[in-house]
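**Student:** One structure follows; several queries about it will come next.
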Amino acid sequence: MAGITFGRRALAALAGLSLAGGIAAAQAGEVTFWTWRQEDKAVYTDLFAAFTKANPGITVKFEAFPNENYNTIVTTALAGGKGGDVLHARAYGGLEAMAKSGYYLALDKTNVPELANLPDDANASESLRADGKVYAVSLAGQTLGLIVNKDIFATAGVAVPATWADLLAACTALKAKGITPIANGTATPWMDAIFATVFTNPFVGPAWTADMLAGKTNFSDPKFTAALARLLELKPCLPDGFTGVDYPTSQQLFSAGRAAIFVGGSFEIAPFRRGNPKLNLDFIAPPAPAAGQPTYVSRFFDSGFAVNAKSANAADALKLVRWMATKDFAEPAAAKLGNISSLKDVAAADPLLAKIAKLNETAMPYSTLVYFRFEAPTGTDLLQDGVQKMMGGTATPAEVGTAITTGLSKWYKPFQK
Amino acid sequence: MKPRRPPWRRGLWIAFLLAPGLAVMTLFVAAPLLSSFRYAFYNFHGVLPDTFIGLANFRDILLDPTYADTTWRALGHNAIVFAALMLTQNGLAYLIAFALLKALPGHRIHQVIVFLPVVLSAVIVGFLWKLFLHPLFGIVNAALALVGIHGLPWLGDERTALGAIIFTNAWHWVGFPALIFLAGMQRISKETLEAARIDGADDRVLMTRIIWPLVAPSATIVVILTFIGSFNWFELPYVMAGATGSPGGATDVLGLFFYRTAFGSASSGLQDFGHGSALAVLMFLFLAIVSALALRILRAREIET
């Protein structure tokens, strides 16, 4: 009897000891990193190993959650005083909800001097409008333009279009050879906002955008609605039944070499290369309105790294975030993730990304995301909804312009005059 | 002789057995329901309830065009879904149940086939039909092309998108009301049906005059379940049309509008639990009140068999 009791006690004590040991090990020098990028696990694991090498005693644990539930999961965890120590954060409007609630630690020149390594517009993308403070270290910028399959153009003997007229001519020529000129359909709404931004930005230009932001004009302006109307000219270039063609289908059409152009972001390049390594890709600015006129790619910053304000391990978490704002992290991260780092002077190793970095020098903002995604209804929602209807034939460009202006004037002060 | 246990011990024992279930229900059903009631009266600062604003969220949802336009459009779509499912899905289910009742050769295998899609998850069915209806790779348009018809992009066209999802729902669910009707029909005594036959009733008369009044309890269940299902419709439109009710809101229903408002759509990370909760509360009240009324009315017309 006594033997059994002793045995049980010993077992319980052992279990208790190992449990306590486990918890202690999990806390001392371990930073947990939360992200929605499950697909980048290998890259981050490598990078974090380099961090541990430079900062002995601090290990980083990678934990990923599904993208579509990430906000909900993080919100719930943070509301309960839990969550990762370092959190992959959204930018612009997506950042606001979390930062406003006080869940992220405010970063400044004292706790993260490395913020100076980032350009102002990158820091602005991770700032709260209300207090102007930075809440995350921006990871990457994304550029919107045309991804082109060079081989298709070469084989068909068609020149890659530089002007709007060239594009329409190229469409006709490619279609005659049985190739879908542009892979995009309109069934996935967020793609419609990108599609519209890419083609309308060169037609409206930076001066108009500045006037619009200041409230001197708005989206009902004929200059904008005329630019929207241009999109209707592209209908014959899109896949058959394009209103029912969704984002994955568009990607497949382009990946499989059945379409010549994919209108989208620089974030598409890595998946395209993975999906079909033989694709001979180029990334170009959208066509200029006419020969000799300037053209612009569109740009935004898309995510960053924030510190959990309630982190039990804030000192180590800050160390990690500071390191993420240096070239030690940014250069290999950009190379391995295939994106363009937000940091100043991080040269892109990949020639295509280097070309995009060059295009970025004269980029225009992806306005409905950068400026109009802070309150409901968001500019992106209004634009995508309107463009989807317009391309489906149930709204005119003027109606779309008015709907965007009316919707935004609910909360965007300069439109309320 | 065993001493009699005091009666309170029995009560304690019952309470002890009920406690775990009650705790789970309180924690996972009652508490979220009550907290969403509370949230509906708050303005949200980020993701935290900030200030008590009374009925302002409800007013926005019902009257402010920013929300109200979408609310009423979505409610209209829910109503269309309900009417269409009642007519097509449940009407067909009634016919199928009658055909199965006649126990024609092979009726057992057909019973299984009709019920089979019901056991699939709505997400699987949604993806399956999204693929079938695809304008480029879908078998529906491929089949139509064989007979020389150029098929529409069913889910991309504002005129057909909602219909296509309703059709998918009917395909998925028809077996369920069919089974309920069949069970109701099998409860009718053979004598009643034989007597009607001898009096010269054909199938049509049998279905409309004899069986229909006698399966009223089954009809009550089917109507109430279809009503709740139609106004809580979420999985299929979410899978097939996305959170925004693409294209251009043509398939937007209250469930999607709630999801978008509370949790944000793919293109906006905006979360607004205040308005979302208000919408959820309104949906709950609408469903509860109308179901209760409908139940009273439908029960009143049921006949004892």
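Naming scheme: A, B, ... for chains in displayed order of the structure tokens; residues 1 onward per chain; ligands 1 onward as shown.
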Show me, as a ChimeraX atom specification, the residues of chain A whose atoms get within 8 Å of chain B, using only C-alpha atoms for the distance check.
**Tutor:** /A:68,71-72,75,93-94,96-101,186-190,240-245,373-378,380-381,385-386,388-389,392,407
**Student:** Could those residues be written to a file, using N, CA and C atoms, as a JSON list (two decimals), in the first residue's frame?
**Tutor:**
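The file below, out.json, is the result:
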[["chain", "number", "residue", "atom", "x", "y", "z"],
["A", 68, "GLU", "N", -8.10, 34.85, -42.92],
["A", 68, "GLU", "CA", -9.45, 35.42, -42.81],
["A", 68, "GLU", "C", -9.94, 35.51, -41.36],
["A", 71, "ASN", "N", -7.68, 38.64, -37.70],
["A", 71, "ASN", "CA", -8.11, 39.81, -36.93],
["A", 71, "ASN", "C", -8.94, 39.40, -35.72],
["A", 72, "THR", "N", -9.86, 38.49, -35.97],
["A", 72, "THR", "CA", -10.76, 38.06, -34.89],
["A", 72, "THR", "C", -9.98, 37.36, -33.79],
["A", 75, "THR", "N", -7.78, 39.94, -31.93],
["A", 75, "THR", "CA", -8.63, 40.80, -31.11],
["A", 75, "THR", "C", -9.04, 40.10, -29.83],
["A", 93, "GLY", "N", -6.04, 51.61, -42.24],
["A", 93, "GLY", "CA", -7.27, 51.40, -41.48],
["A", 93, "GLY", "C", -7.26, 50.13, -40.67],
["A", 94, "GLY", "N", -6.60, 49.09, -41.20],
["A", 94, "GLY", "CA", -6.55, 47.81, -40.51],
["A", 94, "GLY", "C", -5.78, 47.90, -39.20],
["A", 96, "GLU", "N", -5.66, 50.66, -37.35],
["A", 96, "GLU", "CA", -6.32, 51.58, -36.41],
["A", 96, "GLU", "C", -7.09, 50.89, -35.30],
["A", 97, "ALA", "N", -7.90, 49.88, -35.66],
["A", 97, "ALA", "CA", -8.76, 49.25, -34.66],
["A", 97, "ALA", "C", -7.93, 48.76, -33.48],
["A", 98, "MET", "N", -6.81, 48.10, -33.79],
["A", 98, "MET", "CA", -5.96, 47.53, -32.74],
["A", 98, "MET", "C", -5.23, 48.62, -31.98],
["A", 99, "ALA", "N", -4.64, 49.56, -32.72],
["A", 99, "ALA", "CA", -3.84, 50.60, -32.07],
["A", 99, "ALA", "C", -4.74, 51.50, -31.23],
["A", 100, "LYS", "N", -5.93, 51.81, -31.75],
["A", 100, "LYS", "CA", -6.86, 52.67, -31.03],
["A", 100, "LYS", "C", -7.27, 52.05, -29.69],
["A", 101, "SER", "N", -7.38, 50.71, -29.70],
["A", 101, "SER", "CA", -7.79, 50.03, -28.48],
["A", 101, "SER", "C", -6.67, 49.92, -27.47],
["A", 186, "THR", "N", -14.02, 39.95, -62.95],
["A", 186, "THR", "CA", -14.50, 40.92, -61.97],
["A", 186, "THR", "C", -15.27, 40.28, -60.82],
["A", 187, "ALA", "N", -15.21, 38.96, -60.71],
["A", 187, "ALA", "CA", -16.04, 38.29, -59.68],
["A", 187, "ALA", "C", -15.52, 38.48, -58.26],
["A", 188, "THR", "N", -14.22, 38.74, -58.10],
["A", 188, "THR", "CA", -13.68, 38.93, -56.75],
["A", 188, "THR", "C", -13.51, 40.43, -56.50],
["A", 189, "PRO", "N", -14.37, 40.99, -55.62],
["A", 189, "PRO", "CA", -14.44, 42.44, -55.50],
["A", 189, "PRO", "C", -13.11, 43.16, -55.23],
["A", 190, "TRP", "N", -12.28, 42.64, -54.30],
["A", 190, "TRP", "CA", -11.07, 43.42, -53.97],
["A", 190, "TRP", "C", -10.14, 43.56, -55.17],
["A", 240, "ASP", "N", -13.63, 35.39, -71.41],
["A", 240, "ASP", "CA", -15.03, 35.15, -71.72],
["A", 240, "ASP", "C", -15.79, 34.98, -70.40],
["A", 241, "GLY", "N", -16.94, 35.63, -70.26],
["A", 241, "GLY", "CA", -17.72, 35.52, -69.03],
["A", 241, "GLY", "C", -16.99, 36.12, -67.84],
["A", 242, "PHE", "N", -16.27, 37.24, -68.07],
["A", 242, "PHE", "CA", -15.38, 37.79, -67.03],
["A", 242, "PHE", "C", -16.10, 38.15, -65.73],
["A", 243, "THR", "N", -17.42, 38.43, -65.81],
["A", 243, "THR", "CA", -18.11, 38.78, -64.57],
["A", 243, "THR", "C", -18.17, 37.59, -63.61],
["A", 244, "GLY", "N", -17.97, 36.38, -64.15],
["A", 244, "GLY", "CA", -18.00, 35.20, -63.29],
["A", 244, "GLY", "C", -16.61, 34.64, -63.06],
["A", 245, "VAL", "N", -15.57, 35.33, -63.55],
["A", 245, "VAL", "CA", -14.20, 34.84, -63.38],
["A", 245, "VAL", "C", -13.62, 35.43, -62.10],
["A", 373, "ARG", "N", -9.55, 54.09, -46.02],
["A", 373, "ARG", "CA", -9.94, 52.81, -45.45],
["A", 373, "ARG", "C", -10.00, 52.90, -43.93],
["A", 374, "PHE", "N", -10.46, 54.06, -43.44],
["A", 374, "PHE", "CA", -10.45, 54.24, -41.99],
["A", 374, "PHE", "C", -11.82, 54.09, -41.35],
["A", 375, "GLU", "N", -12.85, 54.40, -42.11],
["A", 375, "GLU", "CA", -14.20, 54.28, -41.55],
["A", 375, "GLU", "C", -15.14, 53.73, -42.60],
["A", 376, "ALA", "N", -16.32, 53.27, -42.15],
["A", 376, "ALA", "CA", -17.30, 52.72, -43.08],
["A", 376, "ALA", "C", -18.19, 53.83, -43.61],
["A", 377, "PRO", "N", -18.56, 53.80, -44.87],
["A", 377, "PRO", "CA", -18.10, 52.85, -45.87],
["A", 377, "PRO", "C", -16.69, 53.20, -46.36],
["A", 378, "THR", "N", -15.84, 52.20, -46.57],
["A", 378, "THR", "CA", -14.48, 52.49, -46.99],
["A", 378, "THR", "C", -14.44, 52.78, -48.49],
["A", 380, "THR", "N", -12.35, 51.68, -50.64],
["A", 380, "THR", "CA", -12.12, 50.46, -51.41],
["A", 380, "THR", "C", -13.44, 49.72, -51.64],
["A", 381, "ASP", "N", -14.24, 49.60, -50.58],
["A", 381, "ASP", "CA", -15.53, 48.91, -50.72],
["A", 381, "ASP", "C", -16.42, 49.60, -51.75],
["A", 385, "ASP", "N", -17.30, 47.87, -55.39],
["A", 385, "ASP", "CA", -18.71, 47.62, -55.62],
["A", 385, "ASP", "C", -19.16, 48.32, -56.90],
["A", 386, "GLY", "N", -18.74, 49.58, -57.04],
["A", 386, "GLY", "CA", -19.12, 50.36, -58.21],
["A", 386, "GLY", "C", -18.54, 49.80, -59.49],
["A", 388, "GLN", "N", -17.52, 46.77, -60.08],
["A", 388, "GLN", "CA", -18.13, 45.47, -60.39],
["A", 388, "GLN", "C", -19.47, 45.67, -61.10],
["A", 389, "LYS", "N", -20.26, 46.63, -60.60],
["A", 389, "LYS", "CA", -21.55, 46.90, -61.24],
["A", 389, "LYS", "C", -21.35, 47.50, -62.62],
["A", 392, "GLY", "N", -20.35, 45.00, -65.05],
["A", 392, "GLY", "CA", -21.47, 44.10, -65.31],
["A", 392, "GLY", "C", -22.60, 44.78, -66.06],
["A", 407, "GLY", "N", -20.70, 58.25, -50.40],
["A", 407, "GLY", "CA", -20.34, 57.31, -49.33],
["A", 407, "GLY", "C", -19.24, 57.88, -48.45]]
**Student:** Would you please give, as a ChimeraX atom specification, all residues of region 24-130 of chain B that DSSP assigns to alpha helix (DSSP H) based on the backbone?
**Tutor:** /B:24-25,31-39,56-62,65-84,91-101,107-115,122-130
**Student:** Identify, on the basis of only C-alpha atoms, every residue whose closest approach to Ala193 (chain A) does not exceed 6 Å; exclude the query and any residue fewer than 2 positions from it along the same chain; express the result as a PyMOL selection string.
**Tutor:** chain A and resi 190-191+195-196+383-384
**Student:** Take the residues that were just selected and, keeping N, CA and C atoms, output them as a PDB file, in the first residue's frame.
**Tutor:**
ATOM      1  N   TRP A 190     -12.283  42.643 -54.303  1.00  0.00           N
ATOM      2  CA  TRP A 190     -11.072  43.422 -53.973  1.00  0.00           C
ATOM      3  C   TRP A 190     -10.140  43.557 -55.166  1.00  0.00           C
ATOM      4  N   MET A 191     -10.203  42.601 -56.109  1.00  0.00           N
ATOM      5  CA  MET A 191      -9.394  42.713 -57.324  1.00  0.00           C
ATOM      6  C   MET A 191      -9.886  43.851 -58.210  1.00  0.00           C
ATOM      7  N   PHE A 195      -7.750  46.699 -59.987  1.00  0.00           N
ATOM      8  CA  PHE A 195      -7.872  46.836 -61.443  1.00  0.00           C
ATOM      9  C   PHE A 195      -8.173  48.288 -61.814  1.00  0.00           C
ATOM     10  N   ALA A 196      -9.156  48.869 -61.115  1.00  0.00           N
ATOM     11  CA  ALA A 196      -9.559  50.243 -61.417  1.00  0.00           C
ATOM     12  C   ALA A 196      -8.451  51.223 -61.067  1.00  0.00           C
ATOM     13  N   LEU A 383     -15.445  51.626 -54.210  1.00  0.00           N
ATOM     14  CA  LEU A 383     -14.865  51.537 -55.556  1.00  0.00           C
ATOM     15  C   LEU A 383     -15.100  50.153 -56.153  1.00  0.00           C
ATOM     16  N   GLN A 384     -14.814  49.122 -55.362  1.00  0.00           N
ATOM     17  CA  GLN A 384     -14.937  47.767 -55.914  1.00  0.00           C
ATOM     18  C   GLN A 384     -16.390  47.429 -56.245  1.00  0.00           C
TER      19      GLN A 384
END
**Student:** Can you list every residue in region 23-261 of chain B that DSSP puts in strand (DSSP E or B), as a PyMOL selection string?
**Tutor:** chain B and resi 42-45+48-52
**Student:** Pull C-alpha atoms from the residues just selected and write them as a PDB file, in the first residue's frame.
**Tutor:**
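The resulting file, out_36.pdb, is reproduced below:
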ATOM      1  CA  TYR B  42     -22.339  50.922 -27.427  1.00  0.00           C
ATOM      2  CA  ASN B  43     -20.147  52.933 -29.715  1.00  0.00           C
ATOM      3  CA  PHE B  44     -16.879  51.115 -30.353  1.00  0.00           C
ATOM      4  CA  HIS B  45     -13.476  52.662 -30.066  1.00  0.00           C
ATOM      5  CA  LEU B  48     -13.460  48.019 -27.295  1.00  0.00           C
ATOM      6  CA  PRO B  49     -16.931  49.209 -26.261  1.00  0.00           C
ATOM      7  CA  ASP B  50     -16.483  52.877 -25.544  1.00  0.00           C
ATOM      8  CA  THR B  51     -19.590  54.936 -24.822  1.00  0.00           C
ATOM      9  CA  PHE B  52     -23.197  53.991 -24.225  1.00  0.00           C
TER      10      PHE B  52
END
**Student:** For Gly175 (chain B), list every protein, DNA or RNA residue within 10 Å, evaluated using only C-alpha atoms, and leave out those in the same chain fewer than 4 positions away; present the list as a ChimeraX atom specification.
**Tutor:** /B:89-90,92-94,96-97,111-119,170-171,179-181
**Student:** Please dump the current selection as a PDB file, in the first residue's frame; keep C-alpha atoms.
**Tutor:**
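Below you can see again29.pdb, which holds the result:
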ATOM      1  CA  GLN B  89     -37.150  23.147 -52.869  1.00  0.00           C
ATOM      2  CA  ASN B  90     -40.117  22.315 -50.658  1.00  0.00           C
ATOM      3  CA  LEU B  92     -40.262  19.476 -55.201  1.00  0.00           C
ATOM      4  CA  ALA B  93     -39.666  17.773 -51.870  1.00  0.00           C
ATOM      5  CA  TYR B  94     -43.416  17.220 -51.517  1.00  0.00           C
ATOM      6  CA  ILE B  96     -40.610  13.466 -54.304  1.00  0.00           C
ATOM      7  CA  ALA B  97     -42.060  12.360 -50.974  1.00  0.00           C
ATOM      8  CA  GLN B 111     -34.650   7.668 -51.099  1.00  0.00           C
ATOM      9  CA  VAL B 112     -30.933   7.393 -50.348  1.00  0.00           C
ATOM     10  CA  ILE B 113     -29.907   9.350 -53.457  1.00  0.00           C
ATOM     11  CA  VAL B 114     -32.284  12.223 -52.694  1.00  0.00           C
ATOM     12  CA  PHE B 115     -31.049  12.459 -49.130  1.00  0.00           C
ATOM     13  CA  LEU B 116     -27.345  12.049 -49.951  1.00  0.00           C
ATOM     14  CA  PRO B 117     -26.463  15.735 -50.636  1.00  0.00           C
ATOM     15  CA  VAL B 118     -27.960  16.699 -47.261  1.00  0.00           C
ATOM     16  CA  VAL B 119     -25.124  14.972 -45.437  1.00  0.00           C
ATOM     17  CA  ALA B 170     -32.380  23.489 -53.212  1.00  0.00           C
ATOM     18  CA  TRP B 171     -30.115  20.786 -54.679  1.00  0.00           C
ATOM     19  CA  LEU B 179     -37.860  13.019 -45.706  1.00  0.00           C
ATOM     20  CA  ILE B 180     -40.024  15.011 -43.290  1.00  0.00           C
ATOM     21  CA  PHE B 181     -42.961  14.928 -45.716  1.00  0.00           C
TER      22      PHE B 181
END
**Student:** For Ile356 (chain A), which of A:Asp120, A:Glu233, A:Asp282, A:Asp211 is the closest residue, counting only C-alpha atoms?
**Tutor:**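 Among the listed residues, the smallest separation from Ile356 (chain A) belongs to A:Asp282.
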**Student:** When you look at Leu353 (chain A) with a cut-off of 9 Å (counting only C-alpha atoms), what residues show up, excluding the ones that are within fewer than 5 positions of it in the same chain? I need them as a list of chain:residue names.
**Tutor:**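 After dropping sequence-adjacent residues, the list is A:Ser266, A:Phe283, A:Gly338, A:Asn339, A:Ile340, A:Ala348, A:Lys358.
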**Student:** Excluding same-chain residues fewer than 5 positions from region 140-146 of chain A, what lies within 6 Å of it counting only C-alpha atoms, as a PyMOL selection string?
**Tutor:** chain A and resi 198+262-266+283-286+297-301+340-342
**Student:** Give me the residues near Asn280 (chain A) as a list of chain:residue names, where near means some atom within 8 Å (using only C-alpha atoms) and where sequence neighbours in that chain fewer than 4 positions away do not count.
**Tutor:**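 Within the cut-off, the hits are A:Asn149, A:Lys150, A:Asp151.
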**Student:** Calculated over only C-alpha atoms, which of the candidates A:Val43, A:Ile179, A:Ala398, A:Leu318 has the smallest distance to Ala227 (chain A)?
**Tutor:**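 Under the stated criterion, the closest residue is A:Ala398.
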**Student:** Which residue gives the smallest distance to Arg73 (chain B) among B:Leu85, B:Leu17, B:Ala142, B:Ile61, with only C-alpha atoms counted?
**Tutor:**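 Selected residue with least distance to Arg73 (chain B): B:Ile61.
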**Student:** So which one's closest to Ala91 (chain A), A:Asn55, A:Gln252, A:Thr200, A:Ser303? Using only C-alpha atoms, please.
**Tutor:**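 When distances to Ala91 (chain A) are compared using only C-alpha atoms, the smallest one comes from A:Ser303.
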**Student:** Distance CA of Val158 (chain A)-CA of Ala170 (chain A), one decimal place?
**Tutor:**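 Taking CA of Val158 (chain A) as the start and CA of Ala170 (chain A) as the end point, the length is 6.4 Å.
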**Student:** Find the distance between CA of Ser127 (chain A) and CA of Glu30 (chain A) and write it in Å to one decimal.
**Tutor:**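 Separating CA of Ser127 (chain A) from CA of Glu30 (chain A) is a distance of 27.2 Å.
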